[in-house]
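Reviewing the structure listed below.
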Amino acid sequence: MYLKKLELKGFKSFPSKTDIVFENGITSIVGPNGSGKSNVLDAIRWVLGEQSIKSLRGDKLEDVIFIGSDSKKPMNYCEVVLTIDNKDGILDIDYSEVSIKRRAYRSGESEFYINNKPCRLKDVKELLLDTGIGREGYSIIEQGKIDEILSNNSNNRRKVFDEACGISKYRYKKQEGEKN
Ligand code: ATP
Ligand code: MG
């Protein structure tokens, strides 16, 4: 399983449709300060279901939508599509390629799609459980994350190990069961 492509439209500093294709191996994103490198990571986090606007470095929901510039009008919505290679079947879905799409409007509505089929945030979350790449995953190690894991309380530290061992989903199912 690996990330194949990220498509951005109207997300933060990317008003025009921008495709970023990840080739095999390591990809580095380089550029001057303020050119949008961190925005690319924010887009990955956002499409995977990040709900905390603070961790996307914004104050309000619509801060992820292109705000406009001297030459370009503000956008009314933004859209991010992440395509994941699933030939090894790590994602529990019968497709060798999986695209997750999220779209948000200034009015506050947010939509999710898996392989172009409308779905709920919950479906995205469940698809990514135990793969390490979800909202609670460990595949995005941002500044301070290692310190946080080391100094965090034991329950939170355990979540990292649960995810790595592939047992988060059982804990999740138990919690969901208890709700019903
Ligand atoms: P650094 O090297 O300093 O970390 P960076 O390449 O990571 O920089 P980002 O933080 O990704 O830069 O991008 C910041 C830029 O994105 C700023 O110029 C900011 O104005 C722009 N930006 C953020 N949100 C929006 C938005 N909603 N609409 C338009 N531009 C935005
Ligand atoms: Mg940055």
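How things are named: the first chain in the structure tokens is A, the next is B, and so on; residues count from 1 in each chain; ligands count from 1 in the order shown.
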
Env of Ser16 of chain A: 10 Å cut, atoms = only C-alpha atoms, seq-sep filter 4 positions within chain, self excluded. Answer as a list in words.
Leu8, Lys9, Gly10, Phe11, Phe66, Lys72 and Met75 of chain A

Within-12 Å residues of ligand 1, basis only C-alpha atoms and all ligand atoms, as a PyMOL selection string:
chain A and resi 9-16+29-43+53+56-78+106+142-143

Can you list, as a ChimeraX atom specification, all residues belonging to segment 2-176 of chain A that DSSP tags as strand (DSSP E)?
/A:2-9,18-21,77-85,97-105,110-114,117-119

Check the DSSP output for the backbone and give back, as a tab-separated table (two decimals) with C-alpha atoms, in the first residue's frame, the residues of segment 43-152 of chain A in helix (DSSP H, G or I).
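Everything below was put into selection_8.tsv:
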```tsv
chain	number	residue	atom	x	y	z
A	43	ALA	CA	-4.36	18.28	2.44
A	44	ILE	CA	-3.40	14.64	3.09
A	45	ARG	CA	-4.44	14.91	6.71
A	46	TRP	CA	-7.68	16.66	5.75
A	47	VAL	CA	-8.77	14.15	3.11
A	54	LYS	CA	-6.27	23.75	14.65
A	55	SER	CA	-4.06	20.87	13.61
A	56	LEU	CA	-4.57	22.02	10.01
A	61	LEU	CA	-13.54	25.38	8.93
A	62	GLU	CA	-13.42	27.48	5.78
A	63	ASP	CA	-9.74	28.34	6.27
A	64	VAL	CA	-8.91	25.30	4.12
A	121	LEU	CA	-16.55	10.19	7.57
A	122	LYS	CA	-17.15	7.06	9.64
A	123	ASP	CA	-16.67	4.88	6.53
A	124	VAL	CA	-13.34	6.53	5.76
A	125	LYS	CA	-12.28	6.10	9.37
A	126	GLU	CA	-13.24	2.42	9.38
A	127	LEU	CA	-11.48	1.76	6.08
A	128	LEU	CA	-8.25	3.16	7.45
A	145	LYS	CA	4.95	13.93	17.47
A	146	ILE	CA	7.77	11.72	18.76
A	147	ASP	CA	8.04	13.77	21.97
A	148	GLU	CA	4.29	13.57	22.32
A	149	ILE	CA	4.28	9.77	22.01
A	150	LEU	CA	7.12	9.42	24.51
A	151	SER	CA	5.69	11.77	27.08
```

Within 12 Å of Arg171 of chain A, counting only C-alpha atoms, which residues qualify if same-chain residues fewer than 2 places away don't, as number ranges by chain?
A: 126, 129-130, 158-159, 162-163, 166-169, 173-178

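Counting only C-alpha atoms, segment 117-120 of chain A has the following residues at most 12 Å away, ignoring those fewer than 2 positions along the same chain: Leu48, Gly49, Val98, Ser99, Ile100, Lys101, Arg102, Arg103, Ser110, Glu111, Phe112, Tyr113, Ile114, Asn115, Lys122, Asp123, Val124, Lys125, Glu126 and Leu127 of chain A.
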
Let's have the selection written as a short mmCIF file (atom, residue, chain, number, x, y, z; two decimals), in the first residue's frame, with C-alpha atoms.
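Final file, selection-v7.cif:
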```cif
data_model
loop_
_atom_site.label_atom_id
_atom_site.label_comp_id
_atom_site.auth_asym_id
_atom_site.auth_seq_id
_atom_site.Cartn_x
_atom_site.Cartn_y
_atom_site.Cartn_z
CA LEU A 48 -8.11 11.33 5.59
CA GLY A 49 -10.70 12.88 7.87
CA VAL A 98 -8.70 3.30 -3.69
CA SER A 99 -9.48 6.98 -3.98
CA ILE A 100 -10.69 8.98 -1.02
CA LYS A 101 -12.26 12.32 -1.80
CA ARG A 102 -13.34 15.10 0.51
CA ARG A 103 -15.11 18.26 -0.55
CA SER A 110 -18.42 18.50 3.98
CA GLU A 111 -18.69 15.42 1.77
CA PHE A 112 -16.65 12.23 1.62
CA TYR A 113 -16.39 9.70 -1.20
CA ILE A 114 -14.66 6.35 -1.48
CA ASN A 115 -14.03 5.44 -5.12
CA LYS A 122 -17.15 7.06 9.64
CA ASP A 123 -16.67 4.88 6.53
CA VAL A 124 -13.34 6.53 5.76
CA LYS A 125 -12.28 6.10 9.37
CA GLU A 126 -13.24 2.42 9.38
CA LEU A 127 -11.48 1.76 6.08
#
```

Å distance separating atom CA of Asn156 of chain A from atom CA of Leu91 of chain A, one decimal place:
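Atom-to-atom, atom CA of Asn156 of chain A and atom CA of Leu91 of chain A are spaced 23.7 Å apart.
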
Taking 5 positions as the minimum chain separation for residues in the same chain, which residues sit within 12 Å of Lys87 of chain A when counting only C-alpha atoms? Answer as a list in words.
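Counting only C-alpha atoms, the residues come to Met1, Tyr2, Leu3, Lys4, Asp92, Ile93, Asp94, Tyr95, Ser96, Glu97 and Val98 of chain A.
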
Store the residues of this selection in a file with N, CA and C atoms, as a compact mmCIF listing (two decimals), in the first residue's frame.
```
# COMPACT_ATOMS: atom_id res chain seq x y z
N MET A 1 0.84 -1.18 0.00
CA MET A 1 0.00 0.00 0.00
C MET A 1 0.89 1.25 0.00
N TYR A 2 0.62 2.15 -0.90
CA TYR A 2 1.36 3.42 -0.87
C TYR A 2 0.52 4.51 -1.54
N LEU A 3 0.89 5.75 -1.26
CA LEU A 3 0.16 6.87 -1.83
C LEU A 3 0.60 7.04 -3.28
N LYS A 4 -0.37 7.11 -4.20
CA LYS A 4 -0.03 7.25 -5.61
C LYS A 4 -0.16 8.69 -6.09
N ASP A 92 -9.25 -2.98 3.52
CA ASP A 92 -10.24 -4.05 3.42
C ASP A 92 -11.38 -3.66 2.48
N ILE A 93 -11.05 -3.61 1.19
CA ILE A 93 -12.03 -3.23 0.18
C ILE A 93 -11.56 -3.88 -1.12
N ASP A 94 -12.52 -4.29 -1.94
CA ASP A 94 -12.17 -5.12 -3.08
C ASP A 94 -11.70 -4.34 -4.30
N TYR A 95 -10.78 -3.42 -4.10
CA TYR A 95 -10.24 -2.64 -5.22
C TYR A 95 -8.73 -2.56 -5.07
N SER A 96 -8.02 -2.62 -6.20
CA SER A 96 -6.56 -2.53 -6.12
C SER A 96 -6.10 -1.07 -6.05
N GLU A 97 -7.03 -0.18 -6.29
CA GLU A 97 -6.72 1.25 -6.17
C GLU A 97 -7.91 1.91 -5.46
N VAL A 98 -7.62 2.69 -4.46
CA VAL A 98 -8.70 3.30 -3.69
C VAL A 98 -8.53 4.81 -3.69
```

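Rounded to one decimal, atom CA of Ile90 of chain A and atom CA of Ser139 of chain A lie 14.5 Å from each other.
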
To one decimal in Å, tell me the separation between atom CA of Ala164 of chain A and atom CA of Lys5 of chain A.
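Separation of atom CA of Ala164 of chain A and atom CA of Lys5 of chain A: 23.9 Å.
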